[in-house]
Structure formats: structure tokens, C-alpha cells
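S.K.: Sharing final-v1.cif, mmCIF, C-alpha atoms:
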data_model
#
loop_
_atom_site.label_atom_id
_atom_site.label_comp_id
_atom_site.auth_asym_id
_atom_site.auth_seq_id
_atom_site.Cartn_x
_atom_site.Cartn_y
_atom_site.Cartn_z
CA MET C 11 10.01 78.30 10.57
CA THR C 12 7.88 77.59 13.62
CA ASP C 13 7.12 81.28 14.08
CA THR C 14 3.38 81.79 14.55
CA ILE C 15 1.10 84.73 15.16
CA ARG C 16 -1.97 84.60 17.34
CA VAL C 17 -5.02 86.69 16.42
CA GLY C 18 -7.97 86.17 18.74
CA SER C 19 -8.69 82.45 18.69
CA TYR C 20 -6.70 81.89 15.46
CA THR C 21 -3.07 80.76 15.17
CA LEU C 22 -1.45 81.71 11.88
CA LYS C 23 1.77 80.57 10.27
CA SER C 24 2.15 83.55 7.96
CA ARG C 25 2.57 87.18 8.95
CA LEU C 26 1.53 88.26 5.48
CA LEU C 27 -2.20 88.90 5.06
CA VAL C 28 -3.44 89.43 1.53
CA GLY C 29 -6.47 90.78 -0.29
CA THR C 30 -8.22 89.28 -3.30
CA GLY C 31 -9.24 92.49 -5.12
CA LYS C 32 -8.03 93.95 -8.43
CA TYR C 33 -6.72 90.70 -9.97
CA ARG C 34 -7.28 89.99 -13.66
CA ASP C 35 -9.26 86.84 -12.96
CA LEU C 36 -9.81 84.15 -10.34
CA ASP C 37 -6.96 82.07 -11.69
CA GLU C 38 -4.45 84.86 -11.16
CA THR C 39 -5.99 85.46 -7.71
CA ARG C 40 -5.45 81.83 -6.77
CA HIS C 41 -1.85 81.68 -7.99
CA ALA C 42 -0.89 84.96 -6.30
CA ILE C 43 -2.45 83.94 -2.98
CA GLU C 44 -0.63 80.59 -3.14
CA ALA C 45 2.70 82.31 -3.87
CA SER C 46 2.20 84.71 -0.96
CA GLY C 47 1.97 81.84 1.52
CA ALA C 48 -0.71 83.82 3.41
CA ASP C 49 -3.09 82.18 5.88
CA ILE C 50 -5.47 85.12 6.21
CA VAL C 51 -7.13 86.18 2.98
CA THR C 52 -9.55 89.07 2.80
CA MET C 53 -12.72 89.22 0.72
CA ALA C 54 -15.59 91.63 0.18
CA VAL C 55 -19.35 91.09 0.47
CA ARG C 56 -21.47 92.42 -2.37
CA ARG C 57 -24.95 92.07 -3.84
CA THR C 58 -25.35 88.94 -5.94
CA ASN C 59 -26.00 89.58 -9.61
CA LEU C 60 -29.46 88.07 -9.99
CA GLY C 61 -29.05 87.33 -13.67
CA GLN C 62 -25.78 85.51 -13.16
CA ASN C 63 -24.82 82.26 -14.78
CA PRO C 64 -25.07 79.56 -12.10
CA LYS C 65 -21.91 77.95 -13.50
CA GLU C 66 -19.86 81.13 -13.01
CA PRO C 67 -16.99 80.39 -10.61
CA ASN C 68 -17.20 81.95 -7.19
CA LEU C 69 -14.32 83.42 -5.18
CA LEU C 70 -14.95 80.82 -2.47
CA ASP C 71 -14.38 78.04 -5.04
CA VAL C 72 -10.77 79.16 -5.58
CA ILE C 73 -10.06 80.51 -2.09
CA SER C 74 -11.42 77.64 -0.07
CA PRO C 75 -12.51 78.34 3.52
CA ASP C 76 -11.00 74.93 4.37
CA ARG C 77 -7.53 76.01 3.31
CA TYR C 78 -7.48 79.71 4.21
CA THR C 79 -8.73 81.78 7.12
CA LEU C 80 -11.14 84.09 5.35
CA LEU C 81 -11.36 87.66 6.52
CA PRO C 82 -14.49 89.35 5.17
CA ASN C 83 -14.14 93.12 5.07
CA THR C 84 -16.62 95.97 5.33
CA ALA C 85 -15.04 97.97 2.50
CA GLY C 86 -17.41 100.48 0.99
CA CYS C 87 -19.28 101.01 4.25
CA ASN C 88 -19.44 104.64 5.36
CA THR C 89 -21.50 104.11 8.52
CA ALA C 90 -21.28 101.87 11.57
CA ASP C 91 -24.76 100.48 10.78
CA ASP C 92 -23.80 99.32 7.28
CA ALA C 93 -20.54 97.83 8.55
CA VAL C 94 -22.37 95.83 11.22
CA ARG C 95 -24.95 94.58 8.70
CA THR C 96 -22.18 93.56 6.33
CA CYS C 97 -20.39 91.62 9.08
CA ARG C 98 -23.59 89.78 10.00
CA LEU C 99 -24.17 88.85 6.35
CA ALA C 100 -20.56 87.67 6.11
CA ARG C 101 -20.91 85.50 9.20
CA GLU C 102 -24.00 83.86 7.69
CA LEU C 103 -22.25 83.51 4.32
CA LEU C 104 -19.30 81.72 5.96
CA ASP C 105 -21.39 79.42 8.16
CA GLY C 106 -20.78 81.17 11.48
CA HIS C 107 -17.12 82.16 10.96
CA ASN C 108 -16.82 85.20 13.24
CA LEU C 109 -13.51 86.83 12.22
CA VAL C 110 -14.04 90.13 10.37
CA LYS C 111 -12.05 93.08 9.12
CA LEU C 112 -13.89 96.19 10.22
CA GLU C 113 -13.26 99.26 8.09
CA VAL C 114 -15.50 102.29 7.98
CA ILE C 115 -14.15 104.55 5.31
CA SER C 116 -14.76 108.27 4.84
CA LYS C 117 -16.01 109.52 1.52
CA SER C 118 -12.89 111.64 1.00
CA ARG C 119 -10.14 111.15 -1.57
CA THR C 120 -7.86 109.92 1.22
CA LEU C 121 -10.21 107.00 1.99
CA TYR C 122 -9.18 107.67 5.58
CA PRO C 123 -10.87 105.58 8.25
CA ASP C 124 -13.85 107.29 9.91
CA VAL C 125 -12.74 106.55 13.46
CA VAL C 126 -15.95 107.80 15.10
CA GLU C 127 -18.06 105.30 13.15
CA THR C 128 -15.34 102.66 13.49
CA LEU C 129 -15.38 102.87 17.30
CA SER C 130 -19.16 102.60 17.36
CA ALA C 131 -19.22 99.57 15.00
CA ALA C 132 -16.39 97.89 16.94
CA ARG C 133 -18.40 98.07 20.18
CA THR C 134 -21.50 96.56 18.56
CA LEU C 135 -19.54 93.78 16.84
CA VAL C 136 -17.56 92.78 19.94
CA ASP C 137 -20.84 92.64 21.91
CA ASP C 138 -22.23 90.40 19.15
CA ASP C 139 -19.32 87.90 19.57
CA PHE C 140 -17.36 88.86 16.47
CA GLU C 141 -13.57 88.72 16.51
CA VAL C 142 -12.75 92.11 15.08
CA MET C 143 -9.56 93.03 13.24
CA VAL C 144 -9.92 96.74 12.81
CA TYR C 145 -8.55 99.07 10.17
CA THR C 146 -7.84 102.47 11.68
CA SER C 147 -5.81 105.65 11.43
CA ASP C 148 -2.34 105.84 12.96
CA ASP C 149 -3.62 107.77 15.99
CA PRO C 150 -2.21 105.97 19.06
CA LEU C 151 -5.12 107.06 21.28
CA ILE C 152 -7.70 105.55 18.94
CA ALA C 153 -5.62 102.36 18.68
CA ILE C 154 -5.56 102.07 22.48
CA GLU C 155 -9.34 102.58 22.63
CA LEU C 156 -9.96 99.92 19.97
CA GLU C 157 -7.92 97.44 21.98
CA ALA C 158 -9.85 98.37 25.14
CA ILE C 159 -13.14 97.71 23.30
CA GLY C 160 -11.93 94.17 22.63
CA CYS C 161 -10.68 94.13 19.03
CA VAL C 162 -8.37 91.15 18.43
CA ALA C 163 -5.99 93.07 16.15
CA VAL C 164 -5.46 96.76 15.44
CA MET C 165 -4.49 97.60 11.87
CA PRO C 166 -3.28 101.16 11.29
CA LEU C 167 -2.57 102.38 7.79
CA GLY C 168 1.01 102.99 6.67
CA ALA C 169 -0.22 105.30 3.89
CA PRO C 170 -3.60 105.77 2.13
CA ILE C 171 -5.30 102.66 0.70
CA GLY C 172 -3.95 101.72 -2.72
CA SER C 173 -1.39 104.55 -2.74
CA GLY C 174 1.71 102.35 -2.60
CA LEU C 175 3.61 105.20 -0.91
CA GLY C 176 5.26 102.97 1.66
CA LEU C 177 5.26 103.56 5.42
CA GLN C 178 4.80 107.32 5.93
CA ASN C 179 4.36 107.15 9.70
CA PRO C 180 7.01 105.00 11.41
CA TYR C 181 6.88 107.20 14.51
CA ASN C 182 3.13 106.67 14.97
CA ILE C 183 3.35 102.94 14.25
CA ARG C 184 6.14 102.58 16.81
CA GLU C 185 4.11 104.55 19.36
CA ILE C 186 1.10 102.27 18.79
CA LEU C 187 3.34 99.19 19.16
CA ASP C 188 4.60 100.49 22.50
CA HIS C 189 1.09 100.63 23.95
CA LEU C 190 -0.77 97.63 22.56
CA LYS C 191 -0.77 93.97 23.56
CA VAL C 192 -2.94 92.73 20.69
CA PRO C 193 -1.23 92.27 17.32
CA VAL C 194 -0.56 95.47 15.39
CA ILE C 195 -0.77 94.82 11.65
CA VAL C 196 0.00 97.51 9.09
CA ASP C 197 -2.90 97.59 6.65
CA ALA C 198 -2.58 99.67 3.49
CA GLY C 199 0.17 101.80 2.01
CA VAL C 200 2.79 99.20 1.09
CA GLY C 201 4.08 99.59 -2.48
CA THR C 202 6.96 97.16 -2.75
CA ALA C 203 8.86 94.52 -0.79
CA SER C 204 11.13 96.89 1.15
CA ASP C 205 8.06 98.76 2.50
CA ALA C 206 6.77 95.52 4.03
CA THR C 207 10.19 94.81 5.53
CA VAL C 208 10.28 98.27 7.14
CA ALA C 209 6.92 97.59 8.85
CA MET C 210 8.13 94.23 10.13
CA GLU C 211 11.45 95.66 11.35
CA LEU C 212 9.51 98.15 13.47
CA GLY C 213 8.01 95.17 15.30
CA CYS C 214 4.60 94.87 13.66
CA GLU C 215 3.06 91.41 13.93
CA GLY C 216 2.13 91.40 10.26
CA VAL C 217 1.26 93.37 7.15
CA LEU C 218 -1.98 93.27 5.17
CA MET C 219 -1.77 94.24 1.50
CA ASN C 220 -3.66 93.91 -1.75
CA THR C 221 -2.79 96.48 -4.42
CA ALA C 222 1.00 96.12 -4.06
CA ILE C 223 0.65 92.53 -5.26
CA ALA C 224 -2.36 92.76 -7.56
CA GLU C 225 -1.12 95.79 -9.48
CA ALA C 226 2.47 94.64 -9.86
CA LYS C 227 3.44 93.79 -13.45
CA ASP C 228 3.87 90.18 -12.33
CA PRO C 229 1.57 89.70 -9.31
CA ILE C 230 2.67 86.13 -8.67
CA LYS C 231 6.36 87.08 -8.52
CA MET C 232 5.53 90.07 -6.30
CA ALA C 233 3.51 87.82 -3.98
CA HIS C 234 6.62 85.67 -3.57
CA ALA C 235 8.77 88.77 -3.00
CA MET C 236 6.37 89.96 -0.29
CA ARG C 237 6.49 86.60 1.44
CA LEU C 238 10.29 86.83 1.63
CA ALA C 239 10.17 90.51 2.64
CA ILE C 240 7.86 89.77 5.55
CA GLU C 241 10.01 86.87 6.72
CA SER C 242 13.20 88.94 6.39
CA GLY C 243 11.75 91.87 8.27
CA ARG C 244 10.50 89.67 11.08
CA LEU C 245 13.83 87.86 11.38
CA ALA C 246 15.70 91.18 11.42
CA PHE C 247 13.39 92.48 14.15
CA GLU C 248 13.93 89.35 16.25
CA ALA C 249 17.68 89.42 15.62
CA GLY C 250 17.89 93.04 16.80
CA ARG C 251 19.66 95.52 14.57
CA MET C 252 23.10 96.90 15.40
CA PRO C 253 23.28 100.36 16.93
CA ARG C 254 23.63 103.27 14.53
CA LYS C 255 26.99 105.05 14.68
CA ARG C 256 28.01 108.43 13.38
CA TYR C 257 31.45 107.38 12.12
CA ALA C 258 33.04 104.40 10.39
CA ASP C 259 34.11 101.31 12.34
CA ALA C 260 36.40 99.00 10.29
CA SER C 261 35.20 95.44 9.85
CA SER C 262 38.70 93.91 9.48
CA PRO C 263 41.19 93.88 12.37
CA GLU C 264 43.41 96.95 12.38
CA THR C 265 46.36 95.02 13.89
CA GLY C 266 48.64 92.35 12.32
CA LEU C 267 49.06 94.26 9.09
CA ILE C 268 52.15 93.48 6.95
CA GLU C 269 54.90 96.04 6.94
CA MET A 30 -36.78 95.32 12.88
CA ASP A 31 -34.76 98.41 12.10
CA GLU A 32 -37.12 101.35 11.63
CA ARG A 33 -35.40 102.32 8.39
CA PHE A 34 -36.58 99.04 6.92
CA SER A 35 -40.11 99.20 8.25
CA SER A 36 -40.56 102.66 6.72
CA LYS A 37 -39.02 101.46 3.44
CA ARG A 38 -41.41 98.50 3.51
CA ALA A 39 -44.40 100.65 4.30
CA ALA A 40 -43.54 103.01 1.45
CA LEU A 41 -43.23 100.12 -0.97
CA ALA A 42 -46.36 98.38 0.31
CA ALA A 43 -48.45 101.54 -0.03
CA PHE A 44 -48.00 101.50 -3.81
CA PHE A 45 -48.50 97.81 -4.29
CA ILE A 46 -51.59 96.33 -5.81
CA GLN A 47 -52.93 93.67 -3.48
CA GLY A 48 -53.84 90.34 -5.04
CA MET A 49 -52.20 87.19 -6.30
CA ASN A 50 -49.05 89.03 -7.22
CA MET A 51 -46.93 91.02 -4.87
CA LYS A 52 -43.92 93.24 -5.15
CA ILE A 53 -40.69 92.86 -3.28
CA SER A 54 -37.40 94.71 -3.45
CA VAL A 55 -34.38 92.53 -4.14
CA ASN A 56 -30.93 94.11 -4.11
CA GLY A 57 -32.50 97.49 -4.72
CA GLU A 58 -34.71 96.43 -7.66
CA VAL A 59 -38.47 96.14 -7.22
CA GLU A 60 -39.94 93.03 -8.79
CA GLN A 61 -43.29 91.33 -9.03
CA THR A 62 -43.50 87.79 -7.74
CA GLU A 63 -45.87 85.07 -6.60
CA PRO A 64 -46.44 84.44 -2.90
CA GLN A 65 -43.90 81.75 -2.05
CA SER A 66 -41.24 80.67 0.42
CA LEU A 67 -37.79 82.23 0.33
CA GLU A 68 -36.42 78.81 -0.60
CA SER A 69 -38.66 78.57 -3.65
CA TYR A 70 -37.81 82.15 -4.68
CA LEU A 71 -34.07 81.39 -4.48
CA PHE A 72 -34.57 78.11 -6.36
CA ASN A 73 -36.34 79.94 -9.19
CA LYS A 74 -33.41 82.39 -9.39
CA SER A 75 -30.89 79.49 -9.52
CA LEU A 76 -29.44 80.76 -6.25
CA LEU A 77 -30.37 77.90 -3.96
CA GLY A 78 -27.32 75.92 -2.88
CA ARG A 79 -24.95 78.69 -3.93
CA ARG A 80 -22.73 80.48 -1.42
CA ILE A 81 -25.00 83.39 -0.58
CA ALA A 82 -26.44 85.09 2.48
CA VAL A 83 -29.84 86.73 2.72
CA GLU A 84 -31.05 89.68 4.75
CA ARG A 85 -34.82 90.27 4.91
CA ASN A 86 -36.09 93.63 6.16
CA GLY A 87 -32.80 94.22 7.94
CA ASP A 88 -32.53 90.82 9.64
CA ILE A 89 -30.34 87.88 8.63
CA VAL A 90 -32.28 84.82 7.48
CA PRO A 91 -30.27 81.70 8.44
CA LYS A 92 -30.03 79.16 5.59
CA SER A 93 -31.90 76.63 7.71
CA GLN A 94 -34.94 78.93 7.73
CA PHE A 95 -35.20 79.42 3.94
CA PRO A 96 -38.07 76.89 3.61
CA ASP A 97 -40.05 78.41 6.49
CA VAL A 98 -39.87 82.07 5.55
CA MET A 99 -42.84 83.12 3.39
CA LEU A 100 -42.21 86.22 1.30
CA GLU A 101 -44.62 89.06 1.96
CA ASN A 102 -45.69 92.02 -0.09
CA GLY A 103 -43.20 94.87 0.43
CA ASP A 104 -40.35 92.66 1.67
CA VAL A 105 -36.89 94.13 1.22
CA LEU A 106 -34.27 91.46 0.48
CA GLU A 107 -30.52 91.79 0.20
CA ILE A 108 -28.79 88.75 -1.31
CA VAL A 109 -25.00 88.83 -1.14
CA HIS A 110 -21.98 86.73 -2.06
CA ALA A 111 -18.21 86.87 -1.64
CA ILE A 112 -16.06 88.71 -4.16
CA GLY A 113 -12.45 89.85 -4.31
CA GLY A 114 -11.54 92.66 -1.96
CA GLY A 115 -8.70 94.02 0.16
#
Before we go any further, please render this structure as C-alpha cells.
M.R.:
Amino acid sequence: MTDTIRVGSYTLKSRLLVGTGKYRDLDETRHAIEASGADIVTMAVRRTNLGQNPKEPNLLDVISPDRYTLLPNTAGCNTADDAVRTCRLARELLDGHNLVKLEVISKSRTLYPDVVETLSAARTLVDDDFEVMVYTSDDPLIAIELEAIGCVAVMPLGAPIGSGLGLQNPYNIREILDHLKVPVIVDAGVGTASDATVAMELGCEGVLMNTAIAEAKDPIKMAHAMRLAIESGRLAFEAGRMPRKRYADASSPETGLIE
Amino acid sequence: MDERFSSKRAALAAFFIQGMNMKISVNGEVEQTEPQSLESYLFNKSLLGRRIAVERNGDIVPKSQFPDVMLENGDVLEIVHAIGGG
């Protein structure tokens, strides 16, 4: 397939974006990411363990920045200030790579995005020459504002992070799609392959997921399933579904029958 | 410098005994160390050459400046690396 997606200054071959959290070990991480076929791979930034064994493998040894487009996130940040600091550390960590996933999360059990802090951080980061892919709620007005600020992709949730409930808000996602020119990528909420397909059939440019793959019984097989689901959903969207009808419409000709 | 960091630094520095040794905060833990460059500190911690990034008193220290930055009493360092995340 020659289908590509453009996010800021990046051109990507895969519409599936994957996280690297919750895997058993780095080996499983590597195999699952390979099976997913993803170009964009997210990672987190955390304090280094000062007593660590220098020989201990590092995430960047298995997910090479030469092979993947790394997307450092600001997970765990509850304020715009902390999110901005984390992005600056990530840019230094990745030798000037300026693509980031901004997420400012509330301290509630929903892990809902704090859109007030998110908007503030997005403005600072765009001014500081970051290319910002932003995790947000499914509020169309906030999505429009984030695009106006200059974010390169807007990523509304389909359901709470890690819930695996599947797309709970197709109306909102469709409304956001109608208004935005930058890629809309569903981030969070997918539980299984059909959920990803639903998001793609709505016209989303991509889907970002982590738990649905990492917490599957067989993460590598699920990564493969997600790759196919995303491709199927995209193809179905491009093909254009048939209209819905209220009554049956026979598939075989109703003339020429034997008597 | 962010004022949060200067006040944190001042609070730390106020308790520190001046002399050959100094105290710095690294990833939230206060430790005693010799006056030295950031590069030498990282070398002694087996962190030099690893994929890390360093923030000192709220500002990023580019890798190229590790040899030139001298640690000072009351410095607040954050040393980070990449880990799995979604």
C-alpha cells in the first residue's frame, strides 16, 4: 500500500501508533512493535535509577530512533509546567527530535485530560518549536482550539485510558473530524481489533493504542490483528460504505427463475 | 531560572555545611559530593555516554555542556531516561 499519513513534518506509512508500556520485558516490546508495523512509537520520560547496572538494556536499544519515529509522552504530568519540562528533557534526550505527545492528565479515576492545562502547555510548546500531537477530550470546541494553536495532530480519547471499552463517542469523533484539517487520531479506549476498525471507518487518520496490545493474552498476535484492523478500517472508509436500508434487498436477480 | 527552583535551591543551601563537600539534590535525593563538573559527576555514576538528559535548577543542560558545567552547592538535578509508556 502506498497510503501515507502526514503529521507535521513527518510522513508515516502506518496509521497504527503504538505505546511501549505494560509489556513483560523489552523483548516482548520489540516483537509486538515489529508485528504492529507501526512507525510512530510512544515512550515515557522518567528519572534514571542512579544505582542501575550500566549493562541494563535501555528502551532505546530495542526501539531504535533510526528505525522508528519516537513520540515521547508527558504521561504522569498534572500541570502545564511539568509537561513542558518533560518535553524539553525529551527533546534533549532524543538529540533535538521535536515531535511530542502532550498529555496533561487529571488526578481523577477517569484519567481525563485536563484541557485547561493542556491548552496552556500546547501554546508554550508550539512557541518553542515543538511539533505537538495532543491528547485531549472529545470536546469539538477544544479540538478546534488546539488546531488553531498549531498542534500537528489532535488525539481525542475514544474511552478512558486503559479501559478497553471501545469507541464510546462516535458522534463527537465525527464532529471533530468535520471541523479539523490536521490529522485526528483516536488515542485511548480501544480494546480489540473491531474497535480500531470502527475508529478508522469514521475517517480518523489513525489510532494510538498501548494496553489493547500489551494486555492481550498474546500481545504479538494482537499487534498483528490491530495492524490488519487499521488497514481494513481505512480501506473501508476510502471505499465508502453502502447506504443503510430499512428492508431487505435480494442479492441474486429476482428474474430468470425456473418454473 | 524558574523561581520554584531558586527557592528550592536556597532552602537546600541554607542547611548545607560550606567546605570541601557540598550537597546537591539528584532526582529528589539529597547527596553529598565533591565540587566537580557535571561530566565528572555523571562519569562517577556510570551515566556518562548513556541515553540520558539532565535538567539543572529547572534548565536543560545540553550534552555538549556537561564538561563546562561546574556543580554548585544546592544544585537541583533531574536525570531522566526513556522507558516504556503509552
S.K.: Tell me as a ChimeraX atom specification which residues belonging to chain A come within 8 Å of chain C, counting all atoms listed in the file.
M.R.: /A:56,74-76,80-84,87,89,91-92,107-115
S.K.: Distance CA of Arg40 in chain C-CA of Ser74 in chain C, one decimal place?
M.R.: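 Rounded to one decimal, the two atoms are 9.9 Å apart.
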S.K.: Using all atoms listed in the file for the distances, tell me which of C:Val142, C:Ala42, C:Leu156, C:Ile268 is nearest to Leu129 in chain C.
M.R.: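 Of all the options, C:Leu156 lies closest to Leu129 in chain C.
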S.K.: In Å to one decimal, how far is CA of Gly78 in chain A from CA of Gln65 in chain A?
M.R.: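 That distance, rounded to one decimal, is 17.6 Å.
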S.K.: What would the list of residues within 8 Å of (3.4, 88.7, 8.0) (file frame) look like as a ChimeraX atom specification, if only C-alpha atoms are what count?
M.R.: /C:24-27,48,210,215-218,237,240-241,244
S.K.: Skip Val98 in chain A itself and residues of its chain fewer than 3 positions away, then list as an NGL selection string all residues within 7 Å of it, counting all atoms listed in the file.
M.R.: :A and (66-67 or 94-95)
S.K.: Mind giving me the straight-line distance from CA of Ala153 in chain C to CA of Ala206 in chain C in Å, one decimal?
M.R.: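 Rounded to one decimal, the two atoms are 20.4 Å apart.
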S.K.: Enclose all atoms of range 223-237 of chain C listed in the file in an axis-aligned box, grow every side by 6 Å, and hand back centre and edge lengths in Å to one decimal, as lines of an AutoDock Vina configuration file.
M.R.:
center_x = 3.2
center_y = 90.7
center_z = -6.0
size_x = 23.1
size_y = 22.1
size_z = 26.9
S.K.: Here's the selection I'm unsure about, the PyMOL selection byres ((chain C and resi 243) around 10); applied to the file above, which residues does it give, as a count of residues only?
M.R.: 24
S.K.: I'd like the neighbourhood of Asn88 in chain C as a ChimeraX atom specification, where a residue qualifies if any of its atoms comes within 8 Å (using only C-alpha atoms), though same-chain residues fewer than 3 positions away should be ignored.
M.R.: /C:92-93,114-117,124,127
S.K.: Given the file above and the PyMOL selection byres ((chain C and resi 132-139) around 10), which residues are selected, and can you give them as a list in words?
M.R.: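 Residues picked by the PyMOL selection byres ((chain C and resi 132-139) around 10): Ala90, Asp91, Ala93, Val94, Arg95, Cys97, Arg98, Asn108, Leu109, Val110, Leu112, Glu113, Glu127, Thr128, Leu129, Ser130, Ala131, Phe140, Glu141, Val142, Met143, Val144, Leu156, Glu157, Ala158, Ile159, Gly160, Cys161 and Val162 of chain C.
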S.K.: When distances are computed from all atoms listed in the file, which of A:Val105, A:Asn50, A:Phe72, A:Met99 shows the smallest separation from Asn86 in chain A?
M.R.: A:Val105
